[in-house]
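One structure is given below, encoded as structure tokens.
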Amino acid sequence: MKINFFKYQATGNDFIIINNIEKSFFLNEKIIKNLCNRNLGIGADGLILIEKNKKYDFYMKYYNSDGKEGSMCGNGGRCSVHFAKKIGILNKTNTLFKSIDGYHYASIKQNIVSLNMKNVELVKVYPEHIYINTGSPHHILFKEKINNINVYKEGKKIRFNQKYIKTGVNVNFVKINKNILNVRTYERGVENETFSCGTGVTASAIAAYHIKKILYNKIIVKTLGGTLQVKFEKLLKSYKKIFLKGEVNFVYKGIINTL
Ligand SMILES: N[C@@H](CCC[C@H](N)C(=O)O)C(=O)O
């Protein structure tokens, strides 16, 4: 069987995206893991299947590169909108699509996609870190410097800590530079540092605002792979109208030969 795939990246977070609107194939954990492997397959941080949904424009099914279904992916969601428009699933410049954490509104203008993230009802502030779920779980640490951190080693320690043993967590190392954030993320399911993590960038911006390290609700966030913008509104203790905005890029397309 031959399956067409599209390779995308958004601030360096890269994905294999496949149109499965017709539900014409099934990819198991081993196949997805191999396709995402940078030596054995195409190579990507995750794989996305675009499926049909009765109520919304499409359903985004997200798998981490370990082959397991992940939670919400902010950058993957943004790439999915571009992909849906490119292949004609969408014929307008805005959409409502569904993913594991509910439905999302997004708008697209050329290769800039702005994605409405799920509301954040709870920000847990601990003495050393902040925990926020932006569709995916995030552990956030503010640091004076992040250039010299071994994100793989330090992130892995926290991700596999007893506290997170059941569910796992993504770990963000954040530096505040005036009103701009620099974020490096260890991603659960990739089990390594990625160039960027959309839900992590969103969580980091909300965390910085929540503890009043930044006083603006529209924040520029720099990752290893590029720059994103996060804006939101605070209502009592919760955060609503959260938008993650930035570039997405279609890289190439190809054909997968399955056995
Ligand atoms: N890269 C993603 C986050 C993907 C989900 C995550 N790895 C998990 O399942 O915990 C993003 O851009 O948000």
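Here, A, B, ... name the chains of the structure tokens in the order displayed, residue numbers run from 1 inside each chain, and ligands are numbered from 1 in the same displayed order.
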#### Entry: Expected answer as number ranges by chain: residues within 8 Å of ligand 1, only C-alpha atoms and all ligand atoms
A: 13, 45-46, 62-64, 69-77, 135-138, 168-170, 187-190, 194, 196-201
Would you put the residues from that selection into a file with N, CA and C atoms, as a compact mmCIF listing (two decimals), in the first residue's frame?
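Saved as again.txt:
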```txt
# COMPACT_ATOMS: atom_id res chain seq x y z
N ASN A 13 9.65 22.45 15.08
CA ASN A 13 8.92 21.28 15.60
C ASN A 13 8.36 20.61 14.34
N ASP A 45 9.17 14.88 14.91
CA ASP A 45 8.83 14.88 16.35
C ASP A 45 7.47 14.23 16.57
N GLY A 46 6.66 14.18 15.52
CA GLY A 46 5.34 13.58 15.67
C GLY A 46 4.69 13.31 14.33
N TYR A 62 -3.05 13.21 16.93
CA TYR A 62 -1.62 13.45 17.07
C TYR A 62 -0.88 12.30 17.77
N TYR A 63 0.20 11.86 17.17
CA TYR A 63 1.06 10.83 17.77
C TYR A 63 2.44 11.42 18.01
N ASN A 64 2.99 11.16 19.17
CA ASN A 64 4.38 11.54 19.43
C ASN A 64 5.31 10.59 18.66
N GLU A 69 -0.23 7.78 20.94
CA GLU A 69 -1.06 8.97 20.79
C GLU A 69 -0.70 9.96 21.89
N GLY A 70 -0.50 11.22 21.53
CA GLY A 70 -0.10 12.24 22.51
C GLY A 70 -1.29 13.07 22.94
N SER A 71 -1.02 14.09 23.72
CA SER A 71 -2.09 15.03 24.05
C SER A 71 -2.01 16.17 23.02
N MET A 72 -2.57 17.34 23.32
CA MET A 72 -2.64 18.40 22.30
C MET A 72 -1.25 18.87 21.86
N CYS A 73 -1.11 19.14 20.59
CA CYS A 73 0.14 19.67 20.06
C CYS A 73 -0.16 21.02 19.39
N GLY A 74 0.38 22.09 19.96
CA GLY A 74 0.11 23.44 19.46
C GLY A 74 0.71 23.68 18.09
N ASN A 75 1.97 23.31 17.92
CA ASN A 75 2.61 23.52 16.61
C ASN A 75 2.00 22.58 15.57
N GLY A 76 1.72 21.35 15.98
CA GLY A 76 1.09 20.38 15.07
C GLY A 76 -0.29 20.85 14.65
N GLY A 77 -1.01 21.45 15.58
CA GLY A 77 -2.35 21.98 15.27
C GLY A 77 -2.24 23.08 14.23
N GLY A 135 -3.50 21.77 27.30
CA GLY A 135 -3.88 20.72 26.34
C GLY A 135 -2.88 19.59 26.46
N SER A 136 -1.67 19.92 26.85
CA SER A 136 -0.61 18.99 27.25
C SER A 136 -0.05 19.48 28.59
N PRO A 137 0.43 18.56 29.42
CA PRO A 137 0.93 18.96 30.75
C PRO A 137 2.34 19.56 30.69
N HIS A 138 2.53 20.67 31.40
CA HIS A 138 3.83 21.35 31.37
C HIS A 138 4.35 21.73 32.75
N GLY A 168 3.54 11.39 33.06
CA GLY A 168 4.63 12.07 32.37
C GLY A 168 4.34 13.56 32.28
N VAL A 169 5.32 14.31 31.81
CA VAL A 169 5.16 15.76 31.71
C VAL A 169 6.15 16.29 30.68
N ASN A 170 5.87 17.44 30.11
CA ASN A 170 6.84 18.15 29.26
C ASN A 170 7.54 19.16 30.17
N GLU A 187 10.45 17.32 25.51
CA GLU A 187 9.10 16.83 25.21
C GLU A 187 8.87 15.37 25.57
N ARG A 188 7.82 15.16 26.34
CA ARG A 188 7.34 13.80 26.63
C ARG A 188 6.92 13.16 25.29
N GLY A 189 7.23 11.89 25.12
CA GLY A 189 6.81 11.21 23.88
C GLY A 189 7.84 11.31 22.78
N VAL A 190 8.65 12.39 22.81
CA VAL A 190 9.82 12.47 21.93
C VAL A 190 11.00 12.00 22.77
N THR A 194 13.09 19.31 21.85
CA THR A 194 12.69 19.63 20.48
C THR A 194 13.04 21.11 20.24
N SER A 196 11.06 23.40 19.42
CA SER A 196 9.97 24.27 19.86
C SER A 196 8.79 23.40 20.27
N CYS A 197 8.01 23.89 21.22
CA CYS A 197 6.80 23.17 21.64
C CYS A 197 5.69 24.21 21.86
N GLY A 198 4.67 24.15 21.05
CA GLY A 198 3.62 25.19 21.09
C GLY A 198 2.86 25.25 22.40
N THR A 199 2.45 24.08 22.91
CA THR A 199 1.72 24.09 24.19
C THR A 199 2.66 24.53 25.32
N GLY A 200 3.96 24.23 25.17
CA GLY A 200 4.96 24.62 26.17
C GLY A 200 5.23 26.11 26.17
N VAL A 201 5.30 26.68 24.98
CA VAL A 201 5.49 28.13 24.81
C VAL A 201 4.29 28.86 25.42
```
### Task
Name the residues in contact with Arg38 (chain A) at a cut-off of 12 Å, using only C-alpha atoms, excluding same-chain residues fewer than 2 positions from it; report them as a PyMOL selection string.
chain A and resi 14-16+32-36+40-46+65-66+190
### Message
Please compute the CA of Val174 (chain A)-CA of Val248 (chain A) distance, one decimal, in Å.
### Response
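Computed distance, CA of Val174 (chain A) to CA of Val248 (chain A), equals 22.6 Å.
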### Query
Taking only C-alpha atoms into account, which of A:Ile256, A:Met1, A:Ile165, A:Ala207 comes nearest Ile17 (chain A)?
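Ranked by minimum distance to Ile17 (chain A), first place goes to A:Ile256.
Nearest residue to Val125 (chain A) among A:Lys30, A:His210, A:Arg184, A:Lys253 is A:His210, counting only C-alpha atoms.
CA of Ser238 (chain A) to CA of Lys218 (chain A) spans 15.9 Å [interatomic distance, one decimal].
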